[in-house]
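Here's the structure we're looking at; comments come further down.
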There are 2 protein chains.
Amino acid sequence: MSEPVRVSIGRGDSRDPKRPVYVISVAASIVSVHPRTLRIYEDAGLVCPARTPTNIRLYSEIDIRRVMWIRHLTQNLGVNLAGVRILFELEERLGTRILERLYDEGVDAADAAKSADEAPEPSASTA
Amino acid sequence: MSEPVRVSIGRGDSRDPKRPVYVISVAASIVSVHPRTLRIYEDAGLVCPARTPTNIRLYSEIDIRRVMWIRHLTQNLGVNLAGVRILFELEERLGTRILERLYDEGVDAADAAKSADEAPEPSASTA
DNA sequence: GATACTTGACAATGGTATTGTCAGGTTTCT
DNA sequence: AGAAACCTGACAATACCATTGTCAAGTATC
């Protein structure tokens with residue numbers, strides 16, 4: 001996470017945000033949760049990390065971002081996992097970044113002003 | 001209270017779904033919840049029944065429908081009130097009946113198949 | 001072989017949802 | 001006037017959810 005390094009295999013393949021790279025312990029430390037929590041999210045169908053041929057979970061940048069959204073929705077906005085599921089489904093169904101629009105129009109800060117102090121944008125840097 | 005009576009003030013005003021008509025005990029029995037629960041929903045900003053000049057709550061048909069959505073989301077889909085709030089806000093922001101679209105495309109039945117057996121359409125009859 | 005992963009189970013903590021009640025006061029209806 | 005239903009605010013019990021944490025037995029990686 002120091003700098004791009006420009007490894008490049010020719011096309012933007014090595015740093016593809018969809019590429020599964022983090023094992024669960026690393027992913028957990030990135031988003032600051034217990035590995036147990038990540039497994040729970042997976043059981044709930046909220047994240048689907050890839051697996052190595054030998055069944056080890058590998059989280060991509062996109063998976064990480066998804067988990068960050070879950071954290072934001074649950075910790076800052078007080079939504080439970082069932083609510084997160086609906087929101088994700090809605091986003092898929094509508095094919096829109098509805099969650100991001102919540103930020104753009106400032107929904108959280110305005111109404112659910114509870115402990116919302118920081119993290120106004122849970123996307124993993126590489127945006 | 002036995003029949004329509006055709007009160008009519010000329011235009012469709014008497015049966016306007018926005019017209020506040022039910023006191024809390026009646027509203028509560030219609031949606032099968034404790035009056036306490038309706039006050040909680042109001043405190044949470046999820047419903048805003050009108051008030052008489054002397055401060056008595058009066059729920060409209062629309063308020064009733066709104067409460068029915070809350071009940072469906074919480075009881076059948078397991079969403080908490082924070083989640084309901086977000087969904088309502090989203091619906092306002094997007095200016096779309098996103099909740100209804102969930103039904104149209106069968107989200108609940110498909111994924112959150114838990115205790116979802118009945119009430120596949122919580123709109124108050126008068127649809 | 002040591003370290004980290006896998007699943008499955010069990011548990012403790014703190015929080016939420018709902019119902020329920022009680023008290024003191026106001027409104028409504030008969 | 002008096003009964004019944006409303007108001008607010010408080011307090012509480014129940015049951016369920018989210019998160020963290022651990023333990024055990026087994027597999028993968030270095």
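By order in the structure tokens, chains are A, B, ...; within a chain, residues start at 1; ligands start at 1, following the order shown.
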Could you pull the residues within 12 Å of range 5-11 of chain D, counting only C-alpha atoms (C1' of nucleotides), minus those fewer than 3 positions along the same chain, as a list in words? Val23, Ile24, Ser25, Val26, Pro35, Arg36, Arg39, Asp43, Arg51, Thr52, Thr54, Asn55, Ile56, Arg57 and Leu58 of chain B; DG20, DT21, DC22, DA23, DG24, DG25, DT26, DT27, DT28 and DC29 of chain C
Pull the closest atom pair for each residue of chain C that gets at most 9 Å from chain A, along with the distance in Å to one decimal, counting only C-alpha atoms (C1' of nucleotides), ordering rows by chain and then ascending residue number, as CSV.
residue,atom,partner,partner_atom,distance
C:DA4,C1',A:Ser25,CA,8.6
C:DC5,C1',A:Ile56,CA,6.5
C:DT6,C1',A:Ile56,CA,7.5
Skip Val33 in chain A itself and residues of its chain fewer than 4 positions away, then list as a PyMOL selection string all residues within 12 Å of it, counting only C-alpha atoms (C1' of nucleotides). (chain A and resi 24-29+37-41+64+67-68+70-71+75) or (chain D and resi 19-20)
Next, the residues of the selection above should be written as a short mmCIF file (atom, residue, chain, number, x, y, z; two decimals), in the first residue's frame with C-alpha atoms (C1' of nucleotides).
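Output file out11.cif follows:
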data_model
loop_
_atom_site.label_atom_id
_atom_site.label_comp_id
_atom_site.auth_asym_id
_atom_site.auth_seq_id
_atom_site.Cartn_x
_atom_site.Cartn_y
_atom_site.Cartn_z
CA ILE A 24 -9.01 -13.75 5.58
CA SER A 25 -6.64 -12.58 8.28
CA VAL A 26 -5.31 -9.80 6.05
CA ALA A 27 -8.78 -8.80 4.86
CA ALA A 28 -9.96 -8.70 8.46
CA SER A 29 -7.16 -6.42 9.54
CA THR A 37 -17.19 -11.51 11.37
CA LEU A 38 -16.12 -11.92 7.75
CA ARG A 39 -17.24 -15.54 7.80
CA ILE A 40 -20.56 -14.45 9.22
CA TYR A 41 -20.99 -11.95 6.39
CA ILE A 64 -13.04 -5.32 0.71
CA VAL A 67 -17.29 -5.22 3.52
CA MET A 68 -16.55 -1.56 4.20
CA ILE A 70 -21.44 -3.33 5.41
CA ARG A 71 -19.44 -1.85 8.27
CA GLN A 75 -21.86 0.65 12.62
"C1'" DT D 19 -19.88 -8.92 17.17
"C1'" DT D 20 -16.16 -10.86 19.30
#
Contacts of range 85-98 of chain B at 9 Å or less, counting only C-alpha atoms (C1' of nucleotides), minus same-chain residues fewer than 3 places along, as an mmCIF file with N, CA and C atoms, in the first residue's frame?
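What follows is the written file part-v6.cif:
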data_model
loop_
_atom_site.group_PDB
_atom_site.id
_atom_site.type_symbol
_atom_site.label_atom_id
_atom_site.label_comp_id
_atom_site.auth_asym_id
_atom_site.auth_seq_id
_atom_site.Cartn_x
_atom_site.Cartn_y
_atom_site.Cartn_z
ATOM 1 N N LEU A 77 -24.806 3.650 10.600
ATOM 2 C CA LEU A 77 -26.224 3.915 10.370
ATOM 3 C C LEU A 77 -27.144 2.990 11.149
ATOM 4 N N VAL A 79 -27.990 -0.097 10.611
ATOM 5 C CA VAL A 79 -28.754 -1.062 9.822
ATOM 6 C C VAL A 79 -28.279 -2.469 10.164
ATOM 7 N N GLY A 83 -31.115 -5.690 6.564
ATOM 8 C CA GLY A 83 -31.262 -4.436 5.851
ATOM 9 C C GLY A 83 -30.179 -4.268 4.808
ATOM 10 N N ILE A 86 -31.045 -6.300 1.739
ATOM 11 C CA ILE A 86 -32.039 -5.635 0.898
ATOM 12 C C ILE A 86 -31.406 -4.509 0.087
ATOM 13 N N LEU A 87 -30.572 -3.713 0.726
ATOM 14 C CA LEU A 87 -29.946 -2.594 0.030
ATOM 15 C C LEU A 87 -29.060 -3.086 -1.113
ATOM 16 N N LEU A 90 -31.256 -4.349 -3.881
ATOM 17 C CA LEU A 90 -31.865 -3.204 -4.535
ATOM 18 C C LEU A 90 -30.896 -2.585 -5.526
ATOM 19 N N LEU A 94 -31.733 -2.425 -9.391
ATOM 20 C CA LEU A 94 -31.872 -1.128 -10.047
ATOM 21 C C LEU A 94 -30.659 -0.782 -10.900
ATOM 22 N N ILE A 98 -26.969 3.199 -5.621
ATOM 23 C CA ILE A 98 -27.853 3.903 -4.697
ATOM 24 C C ILE A 98 -27.173 4.271 -3.392
ATOM 25 N N LEU A 99 -26.303 3.408 -2.902
ATOM 26 C CA LEU A 99 -25.606 3.702 -1.652
ATOM 27 C C LEU A 99 -24.788 4.983 -1.790
ATOM 28 N N ARG A 101 -25.295 7.357 -3.778
ATOM 29 C CA ARG A 101 -26.188 8.509 -3.904
ATOM 30 C C ARG A 101 -26.643 8.980 -2.538
ATOM 31 N N LEU A 102 -26.645 8.067 -1.596
ATOM 32 C CA LEU A 102 -27.013 8.459 -0.238
ATOM 33 C C LEU A 102 -26.000 9.477 0.269
ATOM 34 N N GLU A 105 -26.189 12.957 -1.629
ATOM 35 C CA GLU A 105 -27.262 13.852 -1.210
ATOM 36 C C GLU A 105 -27.275 14.020 0.301
ATOM 37 N N VAL A 107 -27.615 11.890 3.102
ATOM 38 C CA VAL A 107 -28.716 11.341 3.876
ATOM 39 C C VAL A 107 -28.313 11.055 5.318
ATOM 40 N N ASP A 108 -27.242 10.318 5.462
ATOM 41 C CA ASP A 108 -26.827 9.869 6.793
ATOM 42 C C ASP A 108 -26.653 11.017 7.766
ATOM 43 N N ALA A 112 -29.852 10.291 10.216
ATOM 44 C CA ALA A 112 -29.389 9.323 11.200
ATOM 45 C C ALA A 112 -28.161 9.829 11.929
ATOM 46 N N ALA B 44 -39.417 7.485 15.844
ATOM 47 C CA ALA B 44 -38.295 7.153 14.975
ATOM 48 C C ALA B 44 -38.380 7.903 13.646
ATOM 49 N N GLY B 45 -39.441 8.670 13.479
ATOM 50 C CA GLY B 45 -39.590 9.446 12.252
ATOM 51 C C GLY B 45 -40.039 8.634 11.055
ATOM 52 N N LEU B 46 -40.669 7.505 11.298
ATOM 53 C CA LEU B 46 -41.073 6.639 10.194
ATOM 54 C C LEU B 46 -42.507 6.890 9.742
ATOM 55 N N ASN B 80 -34.343 -3.918 10.505
ATOM 56 C CA ASN B 80 -34.632 -3.125 11.700
ATOM 57 C C ASN B 80 -35.070 -1.713 11.303
ATOM 58 N N LEU B 81 -35.456 -0.921 12.289
ATOM 59 C CA LEU B 81 -36.009 0.397 11.990
ATOM 60 C C LEU B 81 -35.017 1.314 11.276
ATOM 61 N N ALA B 82 -33.740 1.172 11.598
ATOM 62 C CA ALA B 82 -32.719 1.974 10.916
ATOM 63 C C ALA B 82 -32.718 1.633 9.425
ATOM 64 N N ARG B 101 -41.058 -2.500 -6.241
ATOM 65 C CA ARG B 101 -40.266 -3.203 -7.260
ATOM 66 C C ARG B 101 -39.633 -4.449 -6.678
ATOM 67 N N LEU B 102 -39.413 -4.428 -5.382
ATOM 68 C CA LEU B 102 -38.863 -5.615 -4.741
ATOM 69 C C LEU B 102 -39.852 -6.761 -4.899
#
Using only C-alpha atoms (C1' of nucleotides) and a distance of at most 12 Å, pull out the residues of chain D that contact chain A, as a PDB file with C-alpha atoms (C1' of nucleotides), in the first residue's frame.
ATOM      1  C1'  DC D  17     -29.426  -9.921  16.500  1.00  0.00           C
ATOM      2  C1'  DA D  18     -24.400  -8.406  15.879  1.00  0.00           C
ATOM      3  C1'  DT D  19     -19.883  -8.917  17.166  1.00  0.00           C
ATOM      4  C1'  DT D  20     -16.160 -10.858  19.303  1.00  0.00           C
ATOM      5  C1'  DG D  21     -13.978 -14.705  21.138  1.00  0.00           C
ATOM      6  C1'  DT D  22     -12.646 -19.479  21.878  1.00  0.00           C
ATOM      7  C1'  DT D  27      -6.100 -29.374   5.807  1.00  0.00           C
ATOM      8  C1'  DA D  28      -2.760 -26.152   3.520  1.00  0.00           C
ATOM      9  C1'  DT D  29       1.435 -23.534   3.197  1.00  0.00           C
TER      10       DT D  29
END
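For the pair CA of Cys48 in chain A and CA of Asp63 in chain A, the separation is 7.4 Å.
Restricting the calculation to only C-alpha atoms, the smallest distance between Val21 in chain A and any of A:Pro49, A:Glu100, A:Ser60, A:Glu42 is found for A:Ser60.
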Can you check which residues of range 35-118 of chain B DSSP gives as strand (DSSP E) on the backbone and send them as a list of chain:residue names? B:Ala50, B:Arg51, B:Arg57, B:Leu58, B:Tyr59, B:Ser60
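Among the candidates B:Val31, B:Ala50, B:Ile62, B:Val84, the residue lying nearest to chain A is B:Val84 (atoms considered: only C-alpha atoms).
CA of Asn76 in chain A is positioned 23.5 Å from C1' of DT18 in chain C.
A straight line drawn from C1' of DA12 in chain D to C1' of DT19 in chain C is 10.5 Å long.
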